[in-house]
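Engineer: Attaching a single structure in structure tokens format; questions to follow.
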Amino acid sequence: MEIVALWQKHAALQYSFASYAARRMELGLTEIACLEQIQVRGPLNPKEIGQHLNLRSGSATALIDRLEFKGFVERSRRRDDRRSLKVGLTENAFVAAENDMIPLAKALSQIARSKSAHEREVIEAFLSEVNDQLQVHCEGQDANHK
């Protein structure tokens, strides 16, 4: 199967998996996406969450409010700048992820360990380039017209 077709299948399965996990965690897809952004990037301020999820300020605030109410995130202020707010994951978020996200991560790690060092380097380089292109397109830029 061609690489682009495999990537499209991966993207479709990733969406299906996120939907499945969201339903089991009693969350919406945007809520799952927010938790994933914080997991990958670390604590974020509300503006950054809005940017990464392509949400307006009010929608990002409402999203954070819902996740905080459900016990998945917590807001904290920086000690050096009390006006600055960061949103991080709670222990409850990690406990909820144990049912679906963590087993998948372990399975993917096992697949990676089964590859040679050279194969892992090639795969990592390819995925890094794919991620770079996704980032460019998420920002609404054409990769060929930077």
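Just remember, in the structure tokens the first chain shown is A, the second B, etc., residues are 1-based per chain, and ligands are 1-based in the order shown.
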Would you list the contacts of segment 42-50 of chain A as a ChimeraX atom specification, taking every protein, DNA or RNA residue within 9 Å and counting only C-alpha atoms, but skipping same-chain residues closer than 4 positions in sequence?
Structural biologist: /A:34,37-38,54-61,64,75,84-89
Engineer: Which residues are close to segment 96-108 of chain A, i.e. within 9 Å by only C-alpha atoms, leaving aside same-chain residues fewer than 2 positions away? Reply as a ChimeraX atom specification.
Structural biologist: /A:17,20-21,24-25,72,91-94,110-113
Engineer: I need the chosen residues saved as a PDB file, in the first residue's frame, with N, CA and C atoms.
Structural biologist:
```
ATOM      1  N   PHE A  17     -10.130   5.974  17.104  1.00  0.00           N
ATOM      2  CA  PHE A  17      -9.633   5.651  18.438  1.00  0.00           C
ATOM      3  C   PHE A  17      -9.915   6.793  19.411  1.00  0.00           C
ATOM      4  N   TYR A  20     -13.511   6.698  20.328  1.00  0.00           N
ATOM      5  CA  TYR A  20     -13.755   5.587  21.254  1.00  0.00           C
ATOM      6  C   TYR A  20     -13.300   5.957  22.668  1.00  0.00           C
ATOM      7  N   ALA A  21     -12.085   6.478  22.775  1.00  0.00           N
ATOM      8  CA  ALA A  21     -11.545   6.855  24.085  1.00  0.00           C
ATOM      9  C   ALA A  21     -12.369   7.982  24.702  1.00  0.00           C
ATOM     10  N   ARG A  24     -15.547   6.558  26.155  1.00  0.00           N
ATOM     11  CA  ARG A  24     -15.286   5.817  27.394  1.00  0.00           C
ATOM     12  C   ARG A  24     -14.962   6.747  28.559  1.00  0.00           C
ATOM     13  N   MET A  25     -14.325   7.884  28.255  1.00  0.00           N
ATOM     14  CA  MET A  25     -13.954   8.837  29.300  1.00  0.00           C
ATOM     15  C   MET A  25     -15.056   9.879  29.539  1.00  0.00           C
ATOM     16  N   PHE A  72     -10.095  16.837  34.968  1.00  0.00           N
ATOM     17  CA  PHE A  72      -8.996  16.397  34.108  1.00  0.00           C
ATOM     18  C   PHE A  72      -7.857  17.410  33.996  1.00  0.00           C
ATOM     19  N   GLU A  91      -3.930  14.222  38.082  1.00  0.00           N
ATOM     20  CA  GLU A  91      -3.735  12.776  38.252  1.00  0.00           C
ATOM     21  C   GLU A  91      -4.939  12.026  37.699  1.00  0.00           C
ATOM     22  N   ASN A  92      -6.120  12.586  37.842  1.00  0.00           N
ATOM     23  CA  ASN A  92      -7.337  11.969  37.325  1.00  0.00           C
ATOM     24  C   ASN A  92      -7.259  11.746  35.808  1.00  0.00           C
ATOM     25  N   ALA A  93      -6.626  12.662  35.085  1.00  0.00           N
ATOM     26  CA  ALA A  93      -6.474  12.511  33.636  1.00  0.00           C
ATOM     27  C   ALA A  93      -5.607  11.297  33.315  1.00  0.00           C
ATOM     28  N   PHE A  94      -4.543  11.110  34.089  1.00  0.00           N
ATOM     29  CA  PHE A  94      -3.663   9.962  33.853  1.00  0.00           C
ATOM     30  C   PHE A  94      -4.350   8.651  34.221  1.00  0.00           C
ATOM     31  N   GLN A 110       6.429  -1.258  22.085  1.00  0.00           N
ATOM     32  CA  GLN A 110       6.882  -2.629  21.811  1.00  0.00           C
ATOM     33  C   GLN A 110       7.187  -2.808  20.320  1.00  0.00           C
ATOM     34  N   ILE A 111       6.344  -2.237  19.462  1.00  0.00           N
ATOM     35  CA  ILE A 111       6.608  -2.299  18.024  1.00  0.00           C
ATOM     36  C   ILE A 111       7.926  -1.599  17.717  1.00  0.00           C
ATOM     37  N   ALA A 112       8.143  -0.430  18.306  1.00  0.00           N
ATOM     38  CA  ALA A 112       9.378   0.324  18.061  1.00  0.00           C
ATOM     39  C   ALA A 112      10.601  -0.468  18.513  1.00  0.00           C
ATOM     40  N   ARG A 113      10.489  -1.127  19.673  1.00  0.00           N
ATOM     41  CA  ARG A 113      11.618  -1.914  20.171  1.00  0.00           C
ATOM     42  C   ARG A 113      11.940  -3.102  19.267  1.00  0.00           C
TER      43      ARG A 113
END
```
Engineer: Find the residues near Ala33 of chain A: any atom within 9 Å, counting only C-alpha atoms, skip ones fewer than 5 places away on the same chain, and give them as a list in words.
Structural biologist: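 Here the answer would be Ala18, Gly28, Ile38 and Leu53 of chain A.
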Engineer: Could you save those same residues with N, CA, C and O atoms as a PDB file, in the first residue's frame?
Structural biologist:
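Wrote it out as result-v1.pdb, contents follow:
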```pdb
ATOM      1  N   ALA A  18      -9.679   8.032  18.963  1.00  0.00           N
ATOM      2  CA  ALA A  18      -9.951   9.184  19.822  1.00  0.00           C
ATOM      3  C   ALA A  18     -11.438   9.247  20.174  1.00  0.00           C
ATOM      4  O   ALA A  18     -11.799   9.536  21.321  1.00  0.00           O
ATOM      5  N   GLY A  28     -15.823  14.931  25.026  1.00  0.00           N
ATOM      6  CA  GLY A  28     -15.980  15.211  23.610  1.00  0.00           C
ATOM      7  C   GLY A  28     -14.623  15.145  22.914  1.00  0.00           C
ATOM      8  O   GLY A  28     -13.573  15.121  23.566  1.00  0.00           O
ATOM      9  N   ILE A  38      -1.923  19.086  25.853  1.00  0.00           N
ATOM     10  CA  ILE A  38      -1.226  19.328  27.122  1.00  0.00           C
ATOM     11  C   ILE A  38      -0.265  18.176  27.417  1.00  0.00           C
ATOM     12  O   ILE A  38       0.854  18.405  27.890  1.00  0.00           O
ATOM     13  N   LEU A  53      -5.765  24.344  19.078  1.00  0.00           N
ATOM     14  CA  LEU A  53      -7.025  23.682  18.718  1.00  0.00           C
ATOM     15  C   LEU A  53      -7.872  24.531  17.765  1.00  0.00           C
ATOM     16  O   LEU A  53      -8.991  24.142  17.429  1.00  0.00           O
TER      17      LEU A  53
END
```
Engineer: Could you write out, as a ChimeraX atom specification, all the residues of chain A that DSSP marks as alpha helix (DSSP H)?
Structural biologist: /A:3-25,29-41,46-53,57-69,91-97,101-113,117-138
Engineer: Please report the interatomic distance between atom CA of Glu26 of chain A and atom CA of Thr90 of chain A in Å with one decimal.
Structural biologist: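 Rounded to one decimal, the two atoms are 16.1 Å apart.
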Engineer: Can you work out which one of A:Leu13, A:Leu63, A:Cys138, A:Val95 has the shortest atom-to-atom distance to Ile32 of chain A, counting only C-alpha atoms?
Structural biologist: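 For Ile32 of chain A, the nearest of the candidates is A:Leu63.
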Engineer: Have a look at atom CA of Phe126 of chain A and atom CA of Glu31 of chain A and let me know their distance in Å, one decimal.
Structural biologist: 28.4 Å
